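A.B. asks: Quick one, work08.tsv (TSV, C-alpha atoms):
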chain	number	residue	atom	x	y	z
A	1	MET	CA	20.22	-37.05	-18.23
A	2	LYS	CA	17.46	-35.07	-19.93
A	3	HIS	CA	14.86	-36.60	-17.60
A	4	TYR	CA	16.94	-35.70	-14.57
A	5	LYS	CA	17.08	-32.04	-15.64
A	6	ALA	CA	13.36	-31.97	-16.38
A	7	ILE	CA	12.50	-33.55	-13.02
A	8	SER	CA	14.87	-31.19	-11.21
A	9	PHE	CA	13.27	-28.22	-12.92
A	10	LEU	CA	9.75	-29.41	-12.02
A	11	VAL	CA	10.74	-29.94	-8.38
A	12	PHE	CA	12.26	-26.46	-8.31
A	13	LEU	CA	9.18	-24.95	-9.95
A	14	PHE	CA	6.87	-26.71	-7.48
A	15	ALA	CA	8.94	-25.41	-4.55
A	16	VAL	CA	8.81	-21.83	-5.85
A	17	VAL	CA	5.05	-21.97	-6.44
A	18	HIS	CA	4.46	-23.63	-3.07
A	19	CYS	CA	6.53	-21.02	-1.20
A	20	SER	CA	4.86	-18.18	-3.08
A	21	ALA	CA	1.40	-19.49	-2.29
A	22	GLN	CA	2.23	-19.66	1.40
A	23	THR	CA	3.42	-16.04	1.55
A	24	ILE	CA	0.28	-14.59	-0.04
A	25	LYS	CA	-2.25	-13.97	2.69
A	26	GLU	CA	-5.85	-13.49	1.74
A	27	ASP	CA	-7.30	-10.13	2.73
A	28	HIS	CA	-9.86	-10.13	5.55
A	29	ILE	CA	-12.55	-8.83	3.18
A	30	ASP	CA	-12.03	-11.75	0.83
A	31	GLU	CA	-11.97	-14.17	3.76
A	32	GLU	CA	-15.37	-12.86	4.91
A	33	TYR	CA	-16.68	-13.04	1.35
A	34	HIS	CA	-15.63	-16.68	0.97
A	35	LYS	CA	-17.10	-17.60	4.35
A	36	CYS	CA	-20.37	-15.95	3.31
A	37	LEU	CA	-20.39	-17.96	0.08
A	38	LEU	CA	-19.96	-21.20	2.01
A	39	LYS	CA	-23.14	-20.58	4.01
A	40	ASP	CA	-25.48	-20.99	1.05
A	41	THR	CA	-24.89	-21.65	-2.64
A	42	GLY	CA	-28.13	-20.07	-3.80
A	43	TYR	CA	-27.75	-17.27	-6.33
A	44	VAL	CA	-29.53	-14.76	-4.11
A	45	THR	CA	-27.12	-15.39	-1.24
A	46	ILE	CA	-24.16	-15.30	-3.60
A	47	CYS	CA	-25.28	-11.91	-4.92
A	48	ASP	CA	-25.86	-10.61	-1.40
A	49	CYS	CA	-22.38	-11.74	-0.36
A	50	ALA	CA	-20.88	-10.11	-3.44
A	51	PHE	CA	-22.65	-6.80	-2.80
A	52	VAL	CA	-21.42	-6.75	0.80
A	53	ALA	CA	-17.85	-7.57	-0.26
A	54	TYR	CA	-17.92	-4.86	-2.92
A	55	GLU	CA	-19.11	-2.26	-0.40
A	56	LYS	CA	-16.33	-3.27	2.00
A	57	TRP	CA	-13.65	-3.03	-0.71
A	58	GLU	CA	-15.02	0.36	-1.81
A	59	LYS	CA	-14.90	1.64	1.79
A	60	GLU	CA	-11.39	0.23	2.28
A	61	MET	CA	-10.23	1.87	-0.93
A	62	ASN	CA	-11.62	5.26	0.11
A	63	ASN	CA	-10.05	4.98	3.58
A	64	THR	CA	-6.68	4.00	2.12
A	65	TYR	CA	-6.86	6.84	-0.41
A	66	ASP	CA	-7.59	9.33	2.39
A	67	LYS	CA	-4.67	8.02	4.49
A	68	LEU	CA	-2.35	8.21	1.51
A	69	LEU	CA	-3.44	11.75	0.69
A	70	LYS	CA	-2.76	12.80	4.29
A	71	THR	CA	0.65	11.10	4.22
A	72	LEU	CA	1.85	12.95	1.13
A	73	LYS	CA	3.72	16.14	2.00
A	74	LYS	CA	4.09	18.00	-1.27
A	75	GLU	CA	1.21	19.56	-3.15
A	76	LYS	CA	2.49	18.13	-6.45
A	77	GLU	CA	2.30	14.62	-4.97
A	78	LYS	CA	-1.25	15.20	-3.78
A	79	THR	CA	-2.29	16.62	-7.14
A	80	ALA	CA	-0.77	13.64	-8.96
A	81	LEU	CA	-2.61	11.20	-6.68
A	82	LYS	CA	-5.91	13.05	-7.16
A	83	GLN	CA	-5.46	13.00	-10.95
A	84	SER	CA	-4.62	9.32	-10.85
A	85	GLN	CA	-7.66	8.54	-8.72
A	86	ASP	CA	-9.92	10.57	-11.03
A	87	ALA	CA	-8.58	8.70	-14.08
A	88	TRP	CA	-9.04	5.39	-12.28
A	89	ALA	CA	-12.65	6.34	-11.36
A	90	THR	CA	-13.35	7.06	-15.04
A	91	TYR	CA	-11.90	3.66	-15.97
A	92	LYS	CA	-13.94	1.97	-13.23
A	93	GLU	CA	-17.19	3.51	-14.42
A	94	ALA	CA	-16.47	2.53	-18.03
A	95	GLU	CA	-15.80	-1.07	-16.97
A	96	PHE	CA	-18.94	-1.17	-14.84
A	97	THR	CA	-20.99	0.09	-17.78
A	98	THR	CA	-19.46	-2.65	-19.93
A	99	TYR	CA	-20.37	-5.29	-17.33
A	100	ASN	CA	-23.91	-3.94	-17.23
A	101	TYR	CA	-24.31	-4.27	-21.00
A	102	ILE	CA	-22.52	-7.58	-21.48
A	103	PHE	CA	-24.03	-9.32	-18.46
A	104	ASN	CA	-27.50	-7.75	-18.55
A	105	ILE	CA	-29.04	-11.18	-18.87
A	106	PRO	CA	-32.00	-12.42	-16.83
A	107	GLY	CA	-30.99	-14.75	-14.04
A	108	ASN	CA	-29.28	-14.33	-10.73
A	109	LYS	CA	-25.96	-15.93	-11.73
A	110	TRP	CA	-25.20	-12.90	-13.89
A	111	CYS	CA	-25.48	-10.68	-10.84
A	112	SER	CA	-22.56	-12.42	-9.15
A	113	ILE	CA	-20.49	-12.29	-12.34
A	114	ARG	CA	-21.00	-8.51	-12.57
A	115	GLN	CA	-20.25	-8.05	-8.88
A	116	ASP	CA	-17.13	-10.22	-8.95
A	117	GLY	CA	-15.80	-8.09	-11.81
A	118	ARG	CA	-16.51	-4.95	-9.84
A	119	ILE	CA	-14.87	-6.39	-6.74
A	120	ASP	CA	-11.75	-7.27	-8.75
A	121	ILE	CA	-11.39	-3.72	-10.05
A	122	VAL	CA	-11.85	-2.03	-6.67
A	123	ARG	CA	-9.71	-4.62	-4.84
A	124	SER	CA	-6.89	-4.07	-7.32
A	125	ARG	CA	-6.94	-0.30	-6.82
A	126	THR	CA	-7.14	-0.70	-3.05
A	127	LEU	CA	-4.12	-2.98	-2.99
A	128	GLN	CA	-2.23	-0.56	-5.22
A	129	LEU	CA	-2.99	2.35	-2.87
A	130	ARG	CA	-2.05	0.22	0.14
A	131	ASN	CA	1.27	-0.58	-1.52
A	132	TYR	CA	1.96	3.14	-2.06
A	133	LEU	CA	1.13	3.87	1.57
A	134	GLU	CA	3.22	1.00	2.95
A	135	SER	CA	6.17	1.99	0.77
A	136	LEU	CA	6.03	5.56	2.07
A	137	LYS	CA	5.80	4.39	5.67
A	138	LYS	CA	8.82	2.10	5.22
A	139	ASP	CA	10.79	4.90	3.59
A	140	GLU	CA	9.77	7.35	6.32
A	141	SER	CA	11.14	5.09	9.06
A	142	LYS	CA	14.61	5.17	7.48
A	143	PHE	CA	14.86	8.93	7.98
A	144	LYS	CA	13.81	9.10	11.65
Now, as a test, write the supplied structure out as structure tokens.
C.D. replies:
Amino acid sequence: MKHYKAISFLVFLFAVVHCSAQTIKEDHIDEEYHKCLLKDTGYVTICDCAFVAYEKWEKEMNNTYDKLLKTLKKEKEKTALKQSQDAWATYKEAEFTTYNYIFNIPGNKWCSIRQDGRIDIVRSRTLQLRNYLESLKKDESKFK
């Protein structure tokens, strides 16, 4: 009986993980990044791909921030978002400085490690801002 419960639990867990994995769609920036990485596995190409992906995420974050700022109606909301973005920018710069010190090692592979860390930070903020914007748009549609 114990084995049956364990097997049932594992089947259930597999189904949940499998369904979750199918619902998460990779962002177009990450898709382009991964396609770029498949072209050539040399460290120079990897670094170039990472720099391009970072620039795209940074641009996407700024565009999303601007859209969100325009969507907010109240001045207090705008001020709170600006303060949050300023605090996040301070955090980002501190992390980037840490990457530069920790991974300031000769060799191209360290370039991609630094860039991947930077991409992760900016991607995370972008997705957070997108979520805010999408939530507001969904809420707005209820009141029309």
A.B. asks: Find the distance between CA of Leu72 (chain A) and CA of Ser124 (chain A) and write it in Å to one decimal.
C.D. replies: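 Pair CA of Leu72 (chain A) / CA of Ser124 (chain A) returns 20.9 Å.
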A.B. asks: Kindly give the distance, in Å, that separates CA of Ala87 (chain A) and CA of Arg114 (chain A), rounded to a single decimal.
C.D. replies: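 For CA of Ala87 (chain A) relative to CA of Arg114 (chain A), the distance reads 21.3 Å.
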A.B. asks: CA of Cys47 (chain A) and CA of Pro106 (chain A) are how many Å apart?
C.D. replies: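 A separation of 13.7 Å between them.
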A.B. asks: If I put a ball of radius 10 Å at (-2.3, -1.1, 2.8) in the file's coordinates, which residues poke into it when counting only C-alpha atoms, written as a PyMOL selection string?
C.D. replies: chain A and resi 60-61+63-65+67-68+126-135
A.B. asks: Taking into account only C-alpha atoms, which residue in the set A:Lys138, A:Asp116, A:Ile121, A:Glu75 is nearest to His34 (chain A)?
C.D. replies: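 Checking each of A:Lys138, A:Asp116, A:Ile121, A:Glu75 against His34 (chain A), counting only C-alpha atoms, the winner is A:Asp116.
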A.B. asks: Give the centre and edge lengths of an axis-aligned box, in Å to one decimal, that holds all listed atoms of region 58-70 of chain A with 5 Å on each side, as AutoDock Vina command-line options.
C.D. replies:
--center_x -8.7 --center_y 6.5 --center_z 1.3 --size_x 22.7 --size_y 22.6 --size_z 16.3
A.B. asks: Identify which of the residues A:Ile105, A:Val122, A:Leu37, A:Leu81 lies closest to Glu58 (chain A), counting all atoms listed in the file when measuring atom-to-atom distances.
C.D. replies: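 Selected residue with least distance to Glu58 (chain A): A:Val122.
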A.B. asks: Quick one: residues within 9 Å of Leu69 (chain A), all atoms listed in the file counted, chain neighbours fewer than 6 positions away excluded, as a count of residues only?
C.D. replies: 4
A.B. asks: With all atoms listed in the file as the atoms that count, which of A:Asp66, A:Trp57, A:Thr79, A:Thr90 lies nearest to His28 (chain A)?
C.D. replies: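 Among A:Asp66, A:Trp57, A:Thr79, A:Thr90, it is A:Trp57 that comes nearest to His28 (chain A).
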A.B. asks: Neighbouring residues of region 50-56 of chain A were defined as those with any atom within 9 Å, considering only C-alpha atoms; residues of the same chain fewer than 6 positions away were excluded. Please report them as a list in words.
C.D. replies: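 Surrounding residues, per the criterion: Ile29, Asp30, Glu32, Tyr33, Cys36, Leu37, Cys111, Ser112, Gln115, Asp116, Arg118, Ile119, Asp120, Val122 and Arg123 of chain A.
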